[in-house]
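Undergrad: Please find my_file-v9.csv (CSV, C-alpha atoms and all ligand atoms) on the next line:
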chain,number,residue,atom,x,y,z
A,10,MET,CA,0.0,0.0,0.0
A,11,SER,CA,1.3,3.4,-0.9
A,12,ASP,CA,2.7,5.4,1.8
A,13,GLU,CA,2.6,8.4,-0.4
A,14,ARG,CA,-1.0,8.5,0.6
A,15,ALA,CA,-0.1,8.6,4.3
A,16,GLU,CA,2.4,11.3,3.7
A,17,ALA,CA,0.1,13.4,1.7
A,18,LEU,CA,-2.7,13.1,4.3
A,19,GLU,CA,-0.3,13.9,7.1
A,20,GLN,CA,0.8,17.0,5.2
A,21,ILE,CA,-2.8,18.1,5.0
A,22,ALA,CA,-3.4,17.3,8.7
A,23,ALA,CA,-0.4,19.4,9.5
A,24,GLU,CA,-1.7,22.3,7.5
A,25,ILE,CA,-5.1,21.9,9.2
A,26,ARG,CA,-3.5,22.0,12.7
A,27,THR,CA,-1.9,25.3,12.0
A,28,CYS,CA,-4.6,26.8,9.8
A,29,THR,CA,-5.6,30.4,10.4
A,30,LEU,CA,-7.8,30.8,7.3
A,31,CYS,CA,-11.1,31.5,9.2
A,32,ASP,CA,-12.0,32.8,12.6
A,33,LEU,CA,-12.6,29.4,14.1
A,34,HIS,CA,-8.8,29.1,14.7
A,35,LYS,CA,-9.1,31.9,17.3
A,36,THR,CA,-11.2,29.8,19.7
A,37,ARG,CA,-10.1,26.3,19.0
A,38,THR,CA,-7.9,24.3,21.4
A,39,LYS,CA,-7.0,21.7,18.8
A,40,ALA,CA,-8.0,21.4,15.2
A,41,VAL,CA,-9.4,18.0,14.2
A,42,PRO,CA,-8.2,16.8,10.8
A,43,GLY,CA,-9.8,13.4,10.9
A,44,ALA,CA,-8.7,9.9,11.9
A,45,GLY,CA,-9.0,6.2,10.9
A,46,ASN,CA,-7.9,3.9,8.2
A,47,ILE,CA,-6.7,5.9,5.2
A,48,HIS,CA,-7.0,2.8,2.9
A,49,THR,CA,-10.7,2.2,3.8
A,50,ASP,CA,-13.6,2.0,1.4
A,51,ILE,CA,-15.8,4.0,3.7
A,52,LEU,CA,-15.5,7.6,4.7
A,53,PHE,CA,-17.8,9.2,7.2
A,54,ILE,CA,-18.2,13.0,7.2
A,55,GLY,CA,-19.7,14.8,10.2
A,56,GLU,CA,-20.3,18.4,10.9
A,57,GLY,CA,-17.5,19.8,13.1
A,58,PRO,CA,-15.7,19.1,16.3
A,59,GLY,CA,-17.5,19.5,19.6
A,60,PHE,CA,-16.2,20.1,23.1
A,61,ASN,CA,-14.3,16.8,23.5
A,62,GLU,CA,-13.0,16.7,20.0
A,63,ASP,CA,-11.6,20.2,20.4
A,64,LYS,CA,-9.8,19.1,23.5
A,65,GLN,CA,-8.4,15.9,22.0
A,66,GLY,CA,-7.9,16.7,18.4
A,67,LEU,CA,-9.8,13.6,17.4
A,68,PRO,CA,-13.2,13.3,15.7
A,69,PHE,CA,-16.3,11.9,17.4
A,70,VAL,CA,-14.8,11.1,20.8
A,71,GLY,CA,-17.7,12.5,22.9
A,72,ARG,CA,-21.2,11.1,23.3
A,73,SER,CA,-22.0,11.2,19.6
A,74,GLY,CA,-18.8,9.3,19.0
A,75,ASP,CA,-19.7,6.6,21.5
A,76,TYR,CA,-23.0,6.2,19.7
A,77,LEU,CA,-21.4,6.2,16.3
A,78,GLU,CA,-19.0,3.5,17.5
A,79,SER,CA,-22.0,1.4,18.7
A,80,LEU,CA,-23.6,1.8,15.3
A,81,LEU,CA,-20.4,0.7,13.6
A,82,LYS,CA,-20.3,-2.3,15.9
A,83,LEU,CA,-23.8,-3.2,14.9
A,84,ILE,CA,-22.6,-3.8,11.4
A,85,GLY,CA,-19.3,-5.5,12.4
A,86,LEU,CA,-17.1,-2.5,11.8
A,87,LYS,CA,-14.6,-0.8,14.1
A,88,ARG,CA,-13.7,2.8,14.1
A,89,ASP,CA,-10.2,2.1,12.8
A,90,GLU,CA,-11.6,0.3,9.8
A,91,VAL,CA,-13.1,3.5,8.4
A,92,PHE,CA,-12.0,7.1,8.1
A,93,ILE,CA,-13.9,9.8,10.0
A,94,THR,CA,-13.7,13.5,9.4
A,95,ASN,CA,-15.8,16.6,9.4
A,96,VAL,CA,-16.9,19.4,7.1
A,97,VAL,CA,-15.1,22.0,9.4
A,98,LYS,CA,-12.0,21.0,11.2
A,99,CYS,CA,-12.2,23.5,14.1
A,100,ARG,CA,-14.9,23.7,16.7
A,101,PRO,CA,-17.6,26.4,16.2
A,102,PRO,CA,-17.9,28.2,19.6
A,103,GLU,CA,-20.7,26.8,21.7
A,104,ASN,CA,-21.2,24.1,19.1
A,105,ARG,CA,-23.2,26.5,16.9
A,106,ASP,CA,-23.7,25.6,13.2
A,107,PRO,CA,-20.7,26.2,11.0
A,108,THR,CA,-21.3,29.3,8.7
A,109,PRO,CA,-21.2,29.0,4.9
A,110,VAL,CA,-17.9,31.0,4.9
A,111,GLU,CA,-16.3,28.6,7.4
A,112,ILE,CA,-17.5,25.6,5.4
A,113,ASN,CA,-16.2,27.0,2.2
A,114,THR,CA,-12.9,28.0,3.7
A,115,CYS,CA,-12.4,24.5,5.0
A,116,LYS,CA,-13.6,22.8,1.8
A,117,PRO,CA,-10.2,22.4,0.1
A,118,TYR,CA,-9.0,20.3,3.0
A,119,LEU,CA,-12.0,17.9,2.8
A,120,ASP,CA,-11.7,17.8,-1.0
A,121,GLN,CA,-8.1,16.8,-0.8
A,122,GLN,CA,-8.8,14.2,1.9
A,123,ILE,CA,-11.5,12.6,-0.2
A,124,ASN,CA,-9.4,12.6,-3.4
A,125,LEU,CA,-6.5,10.9,-1.5
A,126,ILE,CA,-8.6,8.3,0.4
A,127,ASP,CA,-10.8,7.8,-2.7
A,128,PRO,CA,-13.5,5.8,-0.9
A,129,LEU,CA,-16.2,3.7,-2.6
A,130,LEU,CA,-18.8,5.0,-0.1
A,131,ILE,CA,-19.2,8.4,1.5
A,132,VAL,CA,-21.6,8.4,4.4
A,133,THR,CA,-22.7,11.9,5.4
A,134,LEU,CA,-23.7,12.5,9.0
A,135,GLY,CA,-26.2,15.4,9.3
A,136,ARG,CA,-27.2,18.3,7.2
A,137,PHE,CA,-23.9,20.0,6.5
A,138,SER,CA,-22.0,17.1,4.9
A,139,MET,CA,-25.3,16.0,3.2
A,140,ALA,CA,-25.5,19.5,1.5
A,141,ARG,CA,-22.2,18.8,-0.3
A,142,TYR,CA,-23.8,16.0,-2.3
A,143,PHE,CA,-27.5,16.6,-2.0
A,144,PRO,CA,-28.0,20.3,-2.3
A,145,GLY,CA,-31.5,21.3,-1.3
A,146,GLY,CA,-32.1,17.8,0.1
A,147,LYS,CA,-34.1,17.4,3.3
A,148,ILE,CA,-32.5,15.0,5.7
A,149,THR,CA,-35.9,13.7,6.9
A,150,GLN,CA,-36.8,12.8,3.3
A,151,ILE,CA,-33.6,11.5,1.9
A,152,HIS,CA,-31.8,9.8,4.8
A,153,GLY,CA,-30.9,6.2,4.0
A,154,LYS,CA,-31.2,6.7,0.2
A,155,ALA,CA,-28.0,6.3,-1.6
A,156,LYS,CA,-27.0,8.1,-4.7
A,157,PHE,CA,-24.4,6.5,-7.1
A,158,GLU,CA,-22.2,8.7,-9.1
A,159,ASN,CA,-18.9,8.1,-11.0
A,160,GLY,CA,-18.3,4.8,-9.3
A,161,ARG,CA,-19.0,6.0,-5.8
A,162,ALA,CA,-22.0,5.8,-3.5
A,163,TYR,CA,-23.1,8.8,-1.4
A,164,TYR,CA,-25.3,7.9,1.6
A,165,PRO,CA,-26.9,10.5,3.7
A,166,LEU,CA,-27.7,9.7,7.4
A,167,PHE,CA,-28.9,11.6,10.4
A,168,HIS,CA,-26.3,13.1,12.6
A,169,PRO,CA,-25.7,10.8,15.6
A,170,ALA,CA,-26.2,13.8,18.0
A,171,ALA,CA,-29.6,14.4,16.4
A,172,VAL,CA,-30.6,10.8,17.1
A,173,LEU,CA,-29.4,11.1,20.7
A,174,ARG,CA,-31.5,14.2,21.1
A,175,ASN,CA,-34.5,12.5,19.5
A,176,PRO,CA,-34.6,8.8,20.3
A,177,ALA,CA,-37.6,8.3,18.0
A,178,LEU,CA,-35.0,8.4,15.2
A,179,GLN,CA,-33.0,5.6,16.6
A,180,SER,CA,-34.7,2.7,14.8
A,181,GLN,CA,-34.5,4.5,11.4
A,182,MET,CA,-30.8,5.3,12.1
A,183,GLU,CA,-30.1,1.6,12.8
A,184,ALA,CA,-32.0,0.5,9.8
A,185,ASP,CA,-30.0,3.0,7.6
A,186,PHE,CA,-26.8,1.8,9.2
A,187,ARG,CA,-27.5,-1.8,8.4
A,188,ARG,CA,-27.8,-0.9,4.7
A,189,ILE,CA,-24.2,0.3,4.7
B,1,LIG,N1,-20.0,15.9,15.9
B,1,LIG,C1,-19.5,16.0,14.6
B,1,LIG,O1,-20.1,16.3,13.7
B,1,LIG,N2,-18.2,15.7,14.5
B,1,LIG,C2,-17.4,15.4,15.5
B,1,LIG,O2,-16.3,15.1,15.3
B,1,LIG,C3,-18.0,15.3,16.8
B,1,LIG,C4,-19.3,15.5,16.9
Would you write the structure of this file as structure tokens?
Ligand code: URA
TA:
Amino acid sequence: MSDERAEALEQIAAEIRTCTLCDLHKTRTKAVPGAGNIHTDILFIGEGPGFNEDKQGLPFVGRSGDYLESLLKLIGLKRDEVFITNVVKCRPPENRDPTPVEINTCKPYLDQQINLIDPLLIVTLGRFSMARYFPGGKITQIHGKAKFENGRAYYPLFHPAAVLRNPALQSQMEADFRRI
């Protein structure tokens, strides 16, 4: 397996860790480039780091992360068999939504990570990563419905935090996950 990929991704991660392109760098503790298996077929894209992620510099390590891990387990996957990253790499203060400017400023990092990992399946978690591939899509209508384009599948799912806030979504989330 090529370690050029590892080197290129590490280079991007290093840029992310010292990035000052948008205001989020002013309030972050650590930037969160992403983590996991860089040779995976499955890439998960969340929204942005929360409190715990900002402290540790790792994606999905708080409550949403525990839940995501339990969903992965349900389908026989471990976190280190997939790659997990976010639309924005620095925590929006008070976990507010990332702004369009922040998302756009961070986009080249995510674009490069996707090009290098070149997964067969991209699973979007929540509205902001969904909007990259399903502009105008409503998560309540399109969750769990894959789109196939240029040899890759795009699969929009609820955000794990949204499911934790609204347990009524849990069975749909599990059913969507099982279709991965
Ligand atoms: N929520 C996200 O969208 N990403 C994380 O990394 C953690 C929580």
Undergrad: Can you work out which one of A:Arg188, A:His152, A:Arg72, A:Arg174 has the shortest atom-to-atom distance to ligand LIG 1 (chain B), counting all atoms listed in the file?
TA: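 Comparing A:Arg188, A:His152, A:Arg72, A:Arg174 against ligand LIG 1 (chain B), the winner is A:Arg72.
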Undergrad: Just checking: using only C-alpha atoms, which residue out of A:Cys115, A:Ile51, A:Ile93, A:Ala44 ends up closest to Glu24 in chain A?
TA: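 So, comparing all the options, the nearest one is A:Cys115.
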Undergrad: Could you please extract the residues within 6 Å of ligand LIG 1 (chain B), counting only C-alpha atoms and all ligand atoms, and hand them back as a PyMOL selection string?
TA: chain A and resi 55-59+62+68-69+73+95
Undergrad: Near Ala162 in chain A, counting all atoms listed in the file, which residues have an atom at most 9 Å away, once you skip same-chain residues fewer than 5 positions from it, shown as a list in words?
TA: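 Returned residues: Pro128, Leu129, Leu130, Ile131, Val132, Ala155, Lys156 and Phe157 of chain A.
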Undergrad: Could you save those same residues with C-alpha atoms as a tab-separated table (two decimals), in the coordinates of the input?
TA:
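Everything below was put into result_25.tsv:
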chain	number	residue	atom	x	y	z
A	128	PRO	CA	-13.50	5.80	-0.90
A	129	LEU	CA	-16.20	3.70	-2.60
A	130	LEU	CA	-18.80	5.00	-0.10
A	131	ILE	CA	-19.20	8.40	1.50
A	132	VAL	CA	-21.60	8.40	4.40
A	155	ALA	CA	-28.00	6.30	-1.60
A	156	LYS	CA	-27.00	8.10	-4.70
A	157	PHE	CA	-24.40	6.50	-7.10
Undergrad: Residues of range 90-142 of chain A within 12 Å of range 13-16 of chain A: nearest atom pair and distance (Å, one decimal) for each, counting all atoms listed in the file, sorted by chain and number, as a tab-separated table?
TA:
residue	atom	partner	partner_atom	distance
A:Gln121	CA	A:Arg14	CA	11.0
A:Gln122	CA	A:Arg14	CA	9.7
A:Ile123	CA	A:Arg14	CA	11.3
A:Asn124	CA	A:Arg14	CA	10.2
A:Leu125	CA	A:Arg14	CA	6.4
A:Ile126	CA	A:Arg14	CA	7.6
A:Asp127	CA	A:Arg14	CA	10.4
Undergrad: Could you check how far CA of His34 in chain A sits from CA of Ser138 in chain A, in Å to one decimal?
TA: 20.4 Å
Undergrad: Within 10 Å of range 180-187 of chain A, counting all atoms listed in the file, which residues show up once you throw out same-chain ones fewer than 4 positions away? Write them as a PyMOL selection string, please.
TA: chain A and resi 77+80-81+83-85+132+152-155+164-169+172+176
Undergrad: Between A:Val91, A:Ile148, A:Leu52, A:Val110, single out the one closest to Tyr163 in chain A, counting only C-alpha atoms.
TA: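 Looking only at the distances to Tyr163 in chain A, the closest residue turns out to be A:Leu52.
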Undergrad: Hey, can you check how far CA of Ile25 in chain A sits from CA of Pro42 in chain A?
TA: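 These atoms are spaced 6.2 Å apart.
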